[in-house]
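Here is the structure we will look at.
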Amino acid sequence: MTTELTNRRALVTGGASGIGLACARALARAGAHVIVADRDEAGARGAAAEVGGEALVIDLSDLDAVANLSVDVDVLVNNAGVQTIAPVEEFDPLVFRRMIDLMVTAPFLLTRSALPQMYARGWGRVVNISSVHGVRASPYKVAYVTAKHALEGMSKVVALEGGAHGVTSNCVNPGYVRTPLVEKQIADQARVHGIAPNEVVERIMLTESAIKRLLEPEEVAAQVLWLCSESAGMVTGTSHLMDGGWSAR
C-alpha cells in the first residue's frame, strides 16, 4: 500500500459508483482523505464510510449549489456525468443544457474554487474524467461529445495557468467502461440503432477498438492515481487515452 497522498484531501464527484467509486477507493488506499460527492445520498454515504472519508450530497447540475461550495482540497477528480442517446434533431434542448451544466460548468466552478488553496500550498492535482469522446465523435451523443470536448479545453487552460503554482491538470479518456452509465446505454443504443441489446457491445461500442473488451473502473482509477502522484509532476495539459486503440484509427 502506498501512502504518497497521506495528509492530502481529495474530492471525487460522482463518487458513489462506477469510475468515481473506484477512484475514491484508490485515492484512499494511497492515504488521501476522500470526499465523495454524489446526488445519491445513500450511495455517497456508503462509499464514504467504506473509504474512511466523508460524503457530500449534492446535485452538481444545480449550479447555484455548486457555486456556493468552498472547495479546499489537494486533489480534484471531476468525474460525474450522464448520457442521453438521441439524434440532434430530436435532442431535448433542456437535457442538452443540463448535461453541459453537469459536465462542463460544474467542473469549472469546482476547479475555480479549489485553485486558490492549491496555489497557496504550491501543490495540486486536477484530473478530469473525459472520454474517447473528448477527442472523437459518435452519432446520437451531441451533448456528451460537446461536453467532453469542452472539458478537454478547460483542462488545458488550467494546466497552463497552474503550472507556475505546482498544480497539474489532465484528462483521462476511457472508452467504454463497465459502469451503470454504460449498462444503461446498451438499451438506448439498441433502440436507436434498431438492433438487439446483446449486439450493442460488439457492433456499436467496441467496433473501433483493437482490444475487444470493456474497461474496468479500477483500470481508470489506476491512471487517475498515477496522475496524482509525484511521479507525474511534469505531466500536465495532457489527455490519456484508454480506448483499446479506438483513436489510433
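Chains: A, B, ... in order of the C-alpha cells. Residues: from 1 per chain. Ligands: from 1, in order shown.
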**Report entry** Selection: 9 Å around Leu206 in chain A, only C-alpha atoms, excl. self and same-chain fewer than 6 positions, as a PyMOL selection string
**Finding:** chain A and resi 175-176+200+212-214+244+246
Output the selection as a compact mmCIF listing (two decimals), in the first residue's frame - C-alpha atoms for each residue.
# COMPACT_ATOMS: atom_id res chain seq x y z
CA GLY A 175 -13.50 4.13 -23.98
CA TYR A 176 -16.47 2.13 -22.77
CA VAL A 200 -24.65 -3.46 -28.92
CA LYS A 212 -12.40 -6.15 -27.73
CA ARG A 213 -13.46 -5.75 -24.12
CA LEU A 214 -14.89 -3.16 -21.78
CA GLY A 244 -8.27 -0.03 -26.68
CA TRP A 246 -10.02 3.30 -30.98
**Report entry** Picked from range 65-200 of chain A by DSSP as strand (DSSP E), as a list in words
**Finding:**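 Written out, the strand (DSSP E) residues of range 65-200 of chain A are Val75, Leu76, Val77, Asn78, Gly124, Arg125, Val126, Val127, Asn128, Ile129, Val167, Thr168, Ser169, Asn170, Cys171, Val172, Asn173 and Pro174 of chain A.
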Report task. Find the residue from A:Ala65, A:Gln185, A:Thr236, A:Lys148 that sits nearest to Arg136 in chain A; use only C-alpha atoms when measuring. Result ->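 For Arg136 in chain A, the nearest of the candidates is A:Lys148.
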Query raised in the report: Among range 13-247 of chain A, which ones does DSSP place in alpha helix (DSSP H), written as a VMD selection string?
Result: chain A and resid 18 to 29 41 to 51 63 to 67 93 to 100 106 to 121 142 to 162 180 to 193 197 to 200 217 to 227
Go ahead and save the picked residues with C-alpha atoms, as a compact mmCIF listing (two decimals), in the first residue's frame.
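The result, written out as result.txt:
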# COMPACT_ATOMS: atom_id res chain seq x y z
CA GLY A 18 -18.54 3.25 -11.24
CA ILE A 19 -15.33 5.11 -12.06
CA GLY A 20 -15.85 7.59 -9.23
CA LEU A 21 -16.11 4.88 -6.59
CA ALA A 22 -13.02 3.14 -7.98
CA CYS A 23 -11.14 6.46 -7.82
CA ALA A 24 -12.29 7.09 -4.24
CA ARG A 25 -11.02 3.65 -3.22
CA ALA A 26 -7.67 4.09 -4.99
CA LEU A 27 -7.04 7.55 -3.54
CA ALA A 28 -7.98 6.38 -0.05
CA ARG A 29 -5.61 3.43 -0.31
CA GLU A 41 -27.25 10.18 -0.67
CA ALA A 42 -27.19 6.53 0.34
CA GLY A 43 -24.51 5.73 -2.22
CA ALA A 44 -22.34 8.69 -1.22
CA ARG A 45 -22.58 7.88 2.48
CA GLY A 46 -21.90 4.21 1.87
CA ALA A 47 -18.84 4.92 -0.27
CA ALA A 48 -17.53 7.49 2.20
CA ALA A 49 -17.90 5.02 5.06
CA GLU A 50 -16.08 2.35 3.06
CA VAL A 51 -13.07 4.56 2.32
CA LEU A 63 -25.14 25.36 -10.36
CA ASP A 64 -26.21 27.65 -7.53
CA ALA A 65 -25.43 24.91 -5.03
CA VAL A 66 -22.07 24.21 -6.68
CA ALA A 67 -21.15 27.90 -6.78
CA PRO A 93 -32.55 21.38 -25.53
CA LEU A 94 -33.21 21.31 -21.78
CA VAL A 95 -31.43 17.96 -21.49
CA PHE A 96 -28.56 19.35 -23.56
CA ARG A 97 -28.20 22.31 -21.19
CA ARG A 98 -28.36 20.16 -18.05
CA MET A 99 -25.64 17.89 -19.41
CA ILE A 100 -23.39 20.86 -20.18
CA ALA A 106 -19.82 22.31 -12.56
CA PRO A 107 -16.20 21.16 -13.11
CA PHE A 108 -15.29 24.77 -13.91
CA LEU A 109 -16.90 26.03 -10.70
CA LEU A 110 -15.29 23.33 -8.57
CA THR A 111 -11.87 23.93 -10.13
CA ARG A 112 -12.26 27.69 -9.76
CA SER A 113 -12.98 27.24 -6.05
CA ALA A 114 -10.17 24.75 -5.45
CA LEU A 115 -7.32 26.52 -7.25
CA PRO A 116 -6.60 29.35 -4.77
CA GLN A 117 -5.97 26.85 -1.95
CA MET A 118 -3.89 24.65 -4.24
CA TYR A 119 -1.86 27.68 -5.32
CA ALA A 120 -1.32 28.73 -1.69
CA ARG A 121 0.10 25.29 -0.87
CA VAL A 142 -24.35 15.51 -29.26
CA ALA A 143 -24.44 16.79 -25.66
CA TYR A 144 -21.93 14.27 -24.31
CA VAL A 145 -19.43 14.79 -27.13
CA THR A 146 -19.80 18.57 -26.85
CA ALA A 147 -19.29 18.47 -23.07
CA LYS A 148 -16.21 16.25 -23.21
CA HIS A 149 -14.58 18.39 -25.92
CA ALA A 150 -15.20 21.46 -23.75
CA LEU A 151 -13.77 19.72 -20.68
CA GLU A 152 -10.58 18.99 -22.63
CA GLY A 153 -10.15 22.69 -23.38
CA MET A 154 -10.78 23.74 -19.81
CA SER A 155 -8.26 21.19 -18.55
CA LYS A 156 -5.54 22.59 -20.81
CA VAL A 157 -6.16 26.18 -19.69
CA VAL A 158 -5.94 25.12 -16.03
CA ALA A 159 -2.67 23.33 -16.84
CA LEU A 160 -1.18 26.47 -18.38
CA GLU A 161 -2.27 28.72 -15.53
CA GLY A 162 -1.48 26.24 -12.75
CA PRO A 180 -24.00 1.68 -14.62
CA LEU A 181 -23.81 4.54 -17.15
CA VAL A 182 -22.66 2.17 -19.90
CA GLU A 183 -25.11 -0.55 -18.90
CA LYS A 184 -27.93 1.95 -19.39
CA GLN A 185 -26.56 2.92 -22.80
CA ILE A 186 -26.89 -0.61 -24.10
CA ALA A 187 -30.69 -0.44 -24.14
CA ASP A 188 -30.67 3.10 -25.55
CA GLN A 189 -28.21 2.19 -28.31
CA ALA A 190 -30.24 -0.89 -29.21
CA ARG A 191 -33.33 1.25 -29.60
CA VAL A 192 -31.68 3.97 -31.72
CA HIS A 193 -29.81 1.53 -33.98
CA PRO A 197 -29.25 -5.33 -26.81
CA ASN A 198 -26.84 -8.28 -26.88
CA GLU A 199 -25.42 -6.96 -30.18
CA VAL A 200 -24.65 -3.46 -28.92
CA PRO A 217 -13.35 1.06 -13.42
CA GLU A 218 -10.25 0.05 -11.47
CA GLU A 219 -8.10 0.46 -14.59
CA VAL A 220 -9.25 4.05 -14.97
CA ALA A 221 -8.69 4.68 -11.27
CA ALA A 222 -5.11 3.43 -11.57
CA GLN A 223 -4.41 6.05 -14.22
CA VAL A 224 -6.02 8.74 -12.09
CA LEU A 225 -3.89 7.71 -9.12
CA TRP A 226 -0.70 7.90 -11.17
CA LEU A 227 -1.59 11.42 -12.36
**Report entry** Among the residues A:Pro174, A:Gly163, A:Gly15, A:Gly124, the one that comes closest to Leu215 in chain A [using only C-alpha atoms]
**Finding:**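 Answer, going by the shortest atom-to-atom distance: A:Pro174.
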**Report entry** Gap from CA of Gly245 in chain A to CA of Val132 in chain A - Å, one decimal
**Finding:** 10.1 Å
Query raised in the report: Using only C-alpha atoms, which of A:Thr179, A:Ser70, A:Gln83, A:Asn170 sits nearest Tyr140 in chain A?
Result: A:Gln83
Query raised in the report: Of the candidates A:Asn128, A:Thr168, A:Thr84, A:Asn68, which shows the shortest atom-to-atom distance to Gly14 in chain A, using only C-alpha atoms?
Result: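 Among the listed residues, the smallest separation from Gly14 in chain A belongs to A:Asn128.
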Requested in this report: With a distance cut-off of 7 Å and only C-alpha atoms, select the neighbouring residues of Leu76 in chain A, excluding the residue or stretch itself and same-chain residues fewer than 3 positions from it, and output the selection as a list of chain:residue names.
Outcome: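 Residues meeting the cut-off are A:Ala10, A:Leu11, A:Val12, A:Val73, A:Arg125, A:Val126, A:Val127.
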N, CA and C atoms of the current selection, written as a short mmCIF file (atom, residue, chain, number, x, y, z; two decimals), in the first residue's frame:
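Okay, result.cif is ready:
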data_model
loop_
_atom_site.label_atom_id
_atom_site.label_comp_id
_atom_site.auth_asym_id
_atom_site.auth_seq_id
_atom_site.Cartn_x
_atom_site.Cartn_y
_atom_site.Cartn_z
N ALA A 10 -8.91 14.88 -1.02
CA ALA A 10 -9.36 14.68 -2.40
C ALA A 10 -10.87 14.76 -2.48
N LEU A 11 -11.37 15.37 -3.54
CA LEU A 11 -12.81 15.40 -3.83
C LEU A 11 -13.04 14.65 -5.13
N VAL A 12 -13.93 13.67 -5.08
CA VAL A 12 -14.28 12.89 -6.27
C VAL A 12 -15.77 13.08 -6.52
N VAL A 73 -9.28 21.39 -1.32
CA VAL A 73 -8.71 20.05 -1.49
C VAL A 73 -7.39 20.15 -2.24
N ARG A 125 -3.61 18.70 -7.83
CA ARG A 125 -3.88 17.82 -8.96
C ARG A 125 -5.35 17.95 -9.36
N VAL A 126 -5.58 18.34 -10.59
CA VAL A 126 -6.93 18.34 -11.16
C VAL A 126 -6.96 17.25 -12.22
N VAL A 127 -7.83 16.28 -12.03
CA VAL A 127 -7.97 15.20 -13.01
C VAL A 127 -9.41 15.19 -13.49
#
Report task. Identify, on the basis of only C-alpha atoms, every residue whose closest approach to Asn7 in chain A does not exceed 12 Å; exclude the query and any residue fewer than 2 positions from it along the same chain; express the result as a list of chain:residue names. Result ->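 Surrounding residues, per the criterion: A:Thr3, A:Glu4, A:Leu5, A:Arg9, A:Ala10, A:Leu27, A:Ala28, A:Ala30, A:Gly31, A:Ala32, A:His33, A:Val34, A:Val73, A:Asp74, A:Val75.
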May I have the selected residues written with N, CA and C atoms, as a PDB file, in the first residue's frame?
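See result_26.pdb below for the written result:
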ATOM      1  N   THR A   3       1.478   5.323   0.441  1.00  0.00           N
ATOM      2  CA  THR A   3       0.936   6.407   1.268  1.00  0.00           C
ATOM      3  C   THR A   3       1.384   7.750   0.707  1.00  0.00           C
ATOM      4  N   GLU A   4       1.516   7.801  -0.620  1.00  0.00           N
ATOM      5  CA  GLU A   4       2.018   9.010  -1.260  1.00  0.00           C
ATOM      6  C   GLU A   4       1.092  10.194  -1.068  1.00  0.00           C
ATOM      7  N   LEU A   5      -0.191   9.939  -0.829  1.00  0.00           N
ATOM      8  CA  LEU A   5      -1.159  11.023  -0.669  1.00  0.00           C
ATOM      9  C   LEU A   5      -1.581  11.226   0.786  1.00  0.00           C
ATOM     10  N   ARG A   9      -6.134  15.955   0.832  1.00  0.00           N
ATOM     11  CA  ARG A   9      -7.591  15.865   0.736  1.00  0.00           C
ATOM     12  C   ARG A   9      -7.984  15.775  -0.729  1.00  0.00           C
ATOM     13  N   ALA A  10      -8.913  14.884  -1.021  1.00  0.00           N
ATOM     14  CA  ALA A  10      -9.355  14.680  -2.399  1.00  0.00           C
ATOM     15  C   ALA A  10     -10.869  14.758  -2.477  1.00  0.00           C
ATOM     16  N   LEU A  27      -7.620   6.396  -4.221  1.00  0.00           N
ATOM     17  CA  LEU A  27      -7.036   7.553  -3.544  1.00  0.00           C
ATOM     18  C   LEU A  27      -6.961   7.318  -2.039  1.00  0.00           C
ATOM     19  N   ALA A  28      -7.998   6.683  -1.488  1.00  0.00           N
ATOM     20  CA  ALA A  28      -7.981   6.384  -0.052  1.00  0.00           C
ATOM     21  C   ALA A  28      -6.874   5.396   0.285  1.00  0.00           C
ATOM     22  N   ALA A  30      -4.139   5.194  -1.128  1.00  0.00           N
ATOM     23  CA  ALA A  30      -2.880   5.932  -1.214  1.00  0.00           C
ATOM     24  C   ALA A  30      -2.701   6.908  -0.065  1.00  0.00           C
ATOM     25  N   GLY A  31      -3.669   6.957   0.850  1.00  0.00           N
ATOM     26  CA  GLY A  31      -3.515   7.764   2.046  1.00  0.00           C
ATOM     27  C   GLY A  31      -4.347   9.026   2.091  1.00  0.00           C
ATOM     28  N   ALA A  32      -5.089   9.337   1.015  1.00  0.00           N
ATOM     29  CA  ALA A  32      -5.860  10.582   0.972  1.00  0.00           C
ATOM     30  C   ALA A  32      -7.135  10.474   1.811  1.00  0.00           C
ATOM     31  N   HIS A  33      -7.560  11.612   2.324  1.00  0.00           N
ATOM     32  CA  HIS A  33      -8.887  11.736   2.914  1.00  0.00           C
ATOM     33  C   HIS A  33      -9.824  12.115   1.769  1.00  0.00           C
ATOM     34  N   VAL A  34     -10.793  11.252   1.477  1.00  0.00           N
ATOM     35  CA  VAL A  34     -11.599  11.406   0.273  1.00  0.00           C
ATOM     36  C   VAL A  34     -12.995  11.911   0.608  1.00  0.00           C
ATOM     37  N   VAL A  73      -9.278  21.389  -1.320  1.00  0.00           N
ATOM     38  CA  VAL A  73      -8.715  20.045  -1.487  1.00  0.00           C
ATOM     39  C   VAL A  73      -7.393  20.146  -2.235  1.00  0.00           C
ATOM     40  N   ASP A  74      -6.624  19.071  -2.153  1.00  0.00           N
ATOM     41  CA  ASP A  74      -5.368  18.971  -2.896  1.00  0.00           C
ATOM     42  C   ASP A  74      -5.558  18.264  -4.226  1.00  0.00           C
ATOM     43  N   VAL A  75      -6.563  17.392  -4.285  1.00  0.00           N
ATOM     44  CA  VAL A  75      -6.856  16.607  -5.474  1.00  0.00           C
ATOM     45  C   VAL A  75      -8.329  16.777  -5.813  1.00  0.00           C
TER      46      VAL A  75
END
Requested in this report: Would you mind reading off the distance between CA of Ile35 in chain A and CA of Asn173 in chain A, one decimal, in Å?
Outcome: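 A separation of 22.6 Å between them.
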**Report entry** For Arg249 in chain A: contacts at 10 Å, only C-alpha atoms, fewer than 6 positions along chain excluded, given as a list in words
**Finding:**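 Near Arg249 in chain A, the qualifying residues are Glu208, Ser209 and Ala210 of chain A.
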File of the preceding selection, C-alpha atoms, as a compact mmCIF listing (two decimals), in the first residue's frame:
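Output below, filename result-v3.txt:
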# COMPACT_ATOMS: atom_id res chain seq x y z
CA GLU A 208 -13.48 0.72 -33.41
CA SER A 209 -11.39 -0.84 -30.64
CA ALA A 210 -8.44 -3.11 -31.31
Report task. Would you please work out which residue, of A:Val36, A:Ala232, A:Met242, A:Ala196, is nearest to His133 in chain A when using only C-alpha atoms? Result ->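 Closest residue, counting only C-alpha atoms: A:Met242.
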Report summary line: Correct to one decimal, the distance CA of Glu230 in chain A-CA of Gly52 in chain A is 23.1 Å
